[in-house]
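As provided, work-v3.txt (compact mmCIF, C-alpha atoms) reads as follows.
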```txt
# COMPACT_ATOMS: atom_id res chain seq x y z
CA MET A 17 64.37 163.43 19.18
CA TYR A 18 63.39 160.72 21.68
CA GLU A 19 62.38 163.38 24.17
CA CYS A 20 60.38 165.51 21.71
CA SER A 21 56.64 165.87 21.89
CA ARG A 22 54.67 164.65 18.88
CA GLN A 23 54.30 168.24 17.69
CA GLU A 24 58.03 168.92 18.08
CA ALA A 25 58.90 165.70 16.22
CA ARG A 26 56.60 166.62 13.34
CA LEU A 27 58.09 170.11 13.14
CA LEU A 28 61.60 168.63 13.17
CA LEU A 29 60.68 166.22 10.36
CA LEU A 30 59.15 168.99 8.26
CA THR A 31 62.23 171.14 8.82
CA GLN A 32 64.50 168.23 7.79
CA VAL A 33 62.55 167.73 4.57
CA GLN A 34 62.51 171.45 3.79
CA VAL A 35 66.29 171.65 4.24
CA LEU A 36 66.80 168.57 2.05
CA ILE A 37 64.64 170.00 -0.73
CA LYS A 38 66.30 173.42 -0.48
CA GLU A 39 69.81 171.95 -0.63
CA ILE A 40 69.10 169.50 -3.43
CA SER A 41 67.47 172.29 -5.48
CA LYS A 42 70.88 173.93 -5.71
CA VAL A 43 71.89 171.07 -7.99
CA MET A 44 68.62 169.97 -9.64
CA THR A 45 64.90 170.11 -9.09
CA PHE A 46 63.25 167.55 -6.89
CA LYS A 47 60.97 166.68 -9.81
CA ASP A 48 64.06 165.73 -11.85
CA ILE A 49 65.12 163.37 -9.06
CA ARG A 50 61.68 161.89 -8.48
CA ASP A 51 61.05 161.34 -12.19
CA ASP A 52 64.33 159.43 -12.62
CA LEU A 53 63.85 156.19 -10.67
CA PRO A 54 67.56 155.30 -10.21
CA LYS A 55 68.33 158.83 -8.97
CA PHE A 56 65.29 158.78 -6.71
CA MET A 57 66.27 155.43 -5.18
CA VAL A 58 69.84 156.60 -4.51
CA PHE A 59 68.48 159.83 -3.01
CA LEU A 60 66.10 157.95 -0.71
CA ASP A 61 68.70 155.34 0.23
CA THR A 62 71.17 158.06 1.17
CA ILE A 63 68.63 159.84 3.37
CA ASN A 64 67.48 156.54 4.85
CA SER A 65 71.01 155.72 5.97
CA CYS A 66 70.79 158.73 8.30
CA ASP A 67 67.13 158.83 9.30
CA GLN A 68 64.13 156.80 8.12
CA ALA A 69 61.50 159.43 8.94
CA PRO A 70 62.32 161.83 6.07
CA THR A 71 62.52 158.86 3.70
CA VAL A 72 59.02 157.69 4.62
CA PHE A 73 57.73 161.25 4.44
CA LEU A 74 59.17 161.72 0.94
CA VAL A 75 57.87 158.38 -0.33
CA PHE A 76 54.31 159.02 0.82
CA HIS A 77 54.30 162.63 -0.33
CA SER A 78 56.22 162.18 -3.58
CA VAL A 79 55.05 158.78 -4.70
CA LEU A 80 51.67 157.81 -3.27
CA TYR A 81 50.12 161.27 -2.93
CA TYR A 82 51.71 162.74 -6.04
CA LEU A 83 50.95 159.76 -8.27
CA CYS A 84 47.32 159.69 -7.14
CA LEU A 85 47.05 163.35 -8.10
CA LYS A 86 48.94 162.91 -11.34
CA ASN A 87 47.17 159.75 -12.53
CA LEU A 88 43.64 160.20 -11.17
CA SER A 89 43.09 163.94 -11.33
CA THR A 90 41.48 166.30 -13.78
CA SER A 91 42.63 169.75 -14.86
CA LYS A 92 40.98 171.32 -11.81
CA HIS A 93 43.48 169.43 -9.61
CA GLN A 94 46.52 170.89 -11.39
CA PRO A 95 47.10 173.50 -8.64
CA TYR A 96 47.47 170.67 -6.11
CA ILE A 97 50.06 168.99 -8.31
CA GLU A 98 51.99 172.25 -8.57
CA GLU A 99 51.84 172.75 -4.79
CA ASN A 100 53.01 169.17 -4.31
CA LEU A 101 56.02 169.74 -6.53
CA LYS A 102 56.96 172.88 -4.59
CA PHE A 103 56.37 171.19 -1.21
CA THR A 104 53.98 173.94 -0.23
CA GLU A 105 51.17 171.38 -0.04
CA ILE A 106 52.10 168.25 1.88
CA GLY A 107 50.08 165.12 1.32
CA CYS A 108 49.88 161.51 2.32
CA PHE A 109 48.00 158.40 1.28
CA GLY A 110 45.60 156.93 3.82
CA LEU A 111 44.03 153.80 2.38
CA THR A 112 45.01 151.26 5.02
CA GLU A 113 42.40 150.64 7.72
CA PHE A 114 42.93 149.08 11.12
CA GLY A 115 40.44 146.26 10.58
CA HIS A 116 41.00 145.60 6.90
CA GLY A 117 44.56 146.43 5.93
CA SER A 118 44.54 147.54 2.30
CA ASN A 119 41.41 145.64 1.27
CA VAL A 120 40.02 148.31 -1.05
CA LYS A 121 36.79 146.43 -1.77
CA ASN A 122 35.77 146.48 1.91
CA ILE A 123 37.02 149.93 2.89
CA GLN A 124 34.70 151.41 5.51
CA THR A 125 35.72 155.06 5.60
CA THR A 126 33.44 157.34 3.64
CA ALA A 127 34.14 160.81 2.30
CA THR A 128 31.33 163.28 1.69
CA TYR A 129 31.96 166.60 0.01
CA ASP A 130 30.60 169.61 1.90
CA ILE A 131 29.84 172.16 -0.83
CA GLU A 132 29.31 175.05 1.59
CA ASN A 133 32.71 174.64 3.27
CA LYS A 134 34.47 173.31 0.14
CA GLN A 135 35.97 170.36 1.98
CA PHE A 136 35.59 166.63 2.40
CA ILE A 137 34.19 165.21 5.62
CA LEU A 138 35.73 161.84 6.42
CA ASN A 139 33.66 159.41 8.45
CA THR A 140 35.31 156.53 10.26
CA ASP A 141 32.38 155.38 12.35
CA ASN A 142 34.08 152.42 14.02
CA ILE A 143 37.57 151.41 15.11
CA ASN A 144 38.01 149.03 12.17
CA ALA A 145 37.70 152.00 9.80
CA TYR A 146 40.42 154.05 11.54
CA LYS A 147 43.37 155.08 9.43
CA TRP A 148 46.07 153.55 11.54
CA TRP A 149 49.50 153.56 9.90
CA ILE A 150 50.04 156.48 7.59
CA GLY A 151 49.67 159.99 8.90
CA LYS A 152 50.66 163.53 8.32
```

As structure tokens, what does this structure read like?
Amino acid sequence: MYECSRQEARLLLLTQVQVLIKEISKVMTFKDIRDDLPKFMVFLDTINSCDQAPTVFLVFHSVLYYLCLKNLSTSKHQPYIEENLKFTEIGCFGLTEFGHGSNVKNIQTTATYDIENKQFILNTDNINAYKWWIGK
């Protein structure tokens, strides 16, 4: 993995997570694991003992991203929750900014919804607003 390109490393990580989810689904659903904190912690700890990258991936996708959807969404977001649970939609949580850490009150990035293209346009107009640590 040390000699992989960034693209190859991301593909490897995604493949690792897909294999983990496929194999664990032979025993129980991932939702059953994630919704049972002791099981989820053992699951993550076991994966982490082999490789930290899938652990981080699963935490950001299954905790931060999922819980934002679950707790802050409306019924129109339900398809995203379903896709999250099936791992067909991969998400992350990008609050932390280079110049401000996780200071929510002073966050500089703005998001404007483009109705015509049905997407958000993120604006990080200076280096302090860059999302630095968490990525997809």

Counting all atoms listed in the file, which of A:Tyr129, A:Phe109, A:Phe114, A:Phe103 gets nearest to A:Cys84? A:Phe109

Using only C-alpha atoms, find the one residue out of A:Lys147, A:Asp141, A:His93, A:Asp130 that sits nearest to A:Glu113.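 Smallest distance to A:Glu113 is found for A:Lys147.
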
Restricting the calculation to only C-alpha atoms, which member of A:Phe56, A:Tyr96, A:Tyr81, A:Phe136 is positioned closest to A:Leu111?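 Of A:Phe56, A:Tyr96, A:Tyr81, A:Phe136, the one nearest A:Leu111 is A:Tyr81, counting only C-alpha atoms.
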
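Counting from atom CA of A:Thr31, the distance to atom CA of A:Leu83 is 23.4 Å.
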
Which value, in Å to one decimal, gives the distance between atom CA of A:Thr62 and atom CA of A:Leu80? 20.0 Å

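Put simply, atom CA of A:Ala69 is 16.9 Å away from atom CA of A:Gly110.
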
Using only C-alpha atoms for the distances, tell me which of A:Phe76, A:Tyr82, A:Tyr18, A:Tyr146 is nearest to A:Glu99.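 Using only C-alpha atoms, A:Glu99 sits closest to A:Tyr82.
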
Dig up all the protein and nucleic acid residues within 10 Å of (65.0, 160.0, 3.1) in the file frame, using only C-alpha atoms, and format them as an MDAnalysis selection string. chainID A and resid 32:33 36 56:75

Need to verify the contact set: A:Phe46, 8 Å, all atoms listed in the file, exclusion of same-chain residues closer than 6 positions in sequence. Can you return it as an MDAnalysis selection string? chainID A and resid 37 40 101

Tell me which of A:Ile137, A:Leu30, A:Ala145, A:Cys108 sits closest to A:Gln124, counting only C-alpha atoms. A:Ala145

Measuring between only C-alpha atoms, which one of A:Val43, A:Val79, A:Leu27, A:Leu138 shows the shortest distance to A:Gly107?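 Residue with the minimum atom-to-atom distance to A:Gly107: A:Val79.
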
Reconstruct stretch 77-113 of chain A at the level of N, CA and C atoms, and format the result as a compact mmCIF listing (two decimals), keeping the file's coordinate frame.
```txt
# COMPACT_ATOMS: atom_id res chain seq x y z
N HIS A 77 54.64 161.37 0.32
CA HIS A 77 54.30 162.63 -0.33
C HIS A 77 54.57 162.59 -1.83
N SER A 78 55.74 162.08 -2.21
CA SER A 78 56.22 162.18 -3.58
C SER A 78 55.83 161.01 -4.47
N VAL A 79 55.44 159.93 -3.89
CA VAL A 79 55.05 158.78 -4.70
C VAL A 79 53.55 158.55 -4.57
N LEU A 80 53.09 158.16 -3.41
CA LEU A 80 51.67 157.81 -3.27
C LEU A 80 50.76 159.01 -3.50
N TYR A 81 50.98 160.09 -2.78
CA TYR A 81 50.12 161.27 -2.93
C TYR A 81 50.25 161.87 -4.32
N TYR A 82 51.47 162.12 -4.74
CA TYR A 82 51.71 162.74 -6.04
C TYR A 82 51.14 161.89 -7.18
N LEU A 83 51.41 160.60 -7.17
CA LEU A 83 50.95 159.76 -8.27
C LEU A 83 49.43 159.63 -8.30
N CYS A 84 48.79 159.65 -7.14
CA CYS A 84 47.32 159.69 -7.14
C CYS A 84 46.83 160.96 -7.82
N LEU A 85 47.43 162.08 -7.46
CA LEU A 85 47.05 163.35 -8.10
C LEU A 85 47.33 163.31 -9.60
N LYS A 86 48.51 162.88 -9.94
CA LYS A 86 48.94 162.91 -11.34
C LYS A 86 48.09 161.97 -12.20
N ASN A 87 47.82 160.77 -11.71
CA ASN A 87 47.17 159.75 -12.53
C ASN A 87 45.65 159.74 -12.43
N LEU A 88 45.08 160.29 -11.37
CA LEU A 88 43.64 160.20 -11.17
C LEU A 88 42.93 161.56 -11.20
N SER A 89 43.68 162.61 -11.44
CA SER A 89 43.09 163.94 -11.33
C SER A 89 42.59 164.46 -12.68
N THR A 90 41.91 165.57 -12.60
CA THR A 90 41.48 166.30 -13.78
C THR A 90 42.22 167.64 -13.78
N SER A 91 41.93 168.47 -14.76
CA SER A 91 42.63 169.75 -14.86
C SER A 91 42.39 170.64 -13.64
N LYS A 92 41.25 170.48 -12.98
CA LYS A 92 40.98 171.32 -11.81
C LYS A 92 41.90 170.98 -10.63
N HIS A 93 42.56 169.83 -10.68
CA HIS A 93 43.48 169.43 -9.61
C HIS A 93 44.91 169.88 -9.87
N GLN A 94 45.16 170.48 -11.03
CA GLN A 94 46.52 170.89 -11.39
C GLN A 94 47.17 171.77 -10.32
N PRO A 95 46.46 172.71 -9.70
CA PRO A 95 47.10 173.50 -8.64
C PRO A 95 47.65 172.65 -7.49
N TYR A 96 46.97 171.55 -7.17
CA TYR A 96 47.47 170.67 -6.11
C TYR A 96 48.76 169.98 -6.53
N ILE A 97 48.83 169.62 -7.80
CA ILE A 97 50.06 168.99 -8.31
C ILE A 97 51.21 169.98 -8.23
N GLU A 98 50.95 171.21 -8.63
CA GLU A 98 51.99 172.25 -8.57
C GLU A 98 52.45 172.49 -7.13
N GLU A 99 51.50 172.55 -6.20
CA GLU A 99 51.84 172.75 -4.79
C GLU A 99 52.64 171.55 -4.25
N ASN A 100 52.28 170.37 -4.71
CA ASN A 100 53.01 169.17 -4.31
C ASN A 100 54.46 169.25 -4.76
N LEU A 101 54.66 169.67 -5.98
CA LEU A 101 56.02 169.74 -6.53
C LEU A 101 56.87 170.77 -5.82
N LYS A 102 56.23 171.83 -5.30
CA LYS A 102 56.96 172.88 -4.59
C LYS A 102 57.06 172.61 -3.09
N PHE A 103 56.42 171.53 -2.63
CA PHE A 103 56.37 171.19 -1.21
C PHE A 103 55.67 172.25 -0.38
N THR A 104 54.78 172.99 -0.99
CA THR A 104 53.98 173.94 -0.23
C THR A 104 52.67 173.30 0.21
N GLU A 105 52.32 172.21 -0.42
CA GLU A 105 51.17 171.38 -0.04
C GLU A 105 51.72 170.00 0.26
N ILE A 106 51.57 169.55 1.48
CA ILE A 106 52.10 168.25 1.88
C ILE A 106 50.94 167.26 1.94
N GLY A 107 51.15 166.11 1.34
CA GLY A 107 50.08 165.12 1.32
C GLY A 107 50.54 163.75 1.77
N CYS A 108 49.58 162.90 1.99
CA CYS A 108 49.88 161.51 2.32
C CYS A 108 48.83 160.63 1.66
N PHE A 109 48.91 159.36 1.88
CA PHE A 109 48.00 158.40 1.28
C PHE A 109 47.47 157.55 2.41
N GLY A 110 46.17 157.62 2.66
CA GLY A 110 45.60 156.93 3.82
C GLY A 110 44.57 155.88 3.46
N LEU A 111 44.97 154.85 2.75
CA LEU A 111 44.03 153.80 2.38
C LEU A 111 43.90 152.75 3.48
N THR A 112 44.99 152.37 4.08
CA THR A 112 45.01 151.26 5.02
C THR A 112 44.12 151.51 6.23
N GLU A 113 43.27 150.54 6.55
CA GLU A 113 42.40 150.64 7.72
C GLU A 113 42.79 149.59 8.75
```
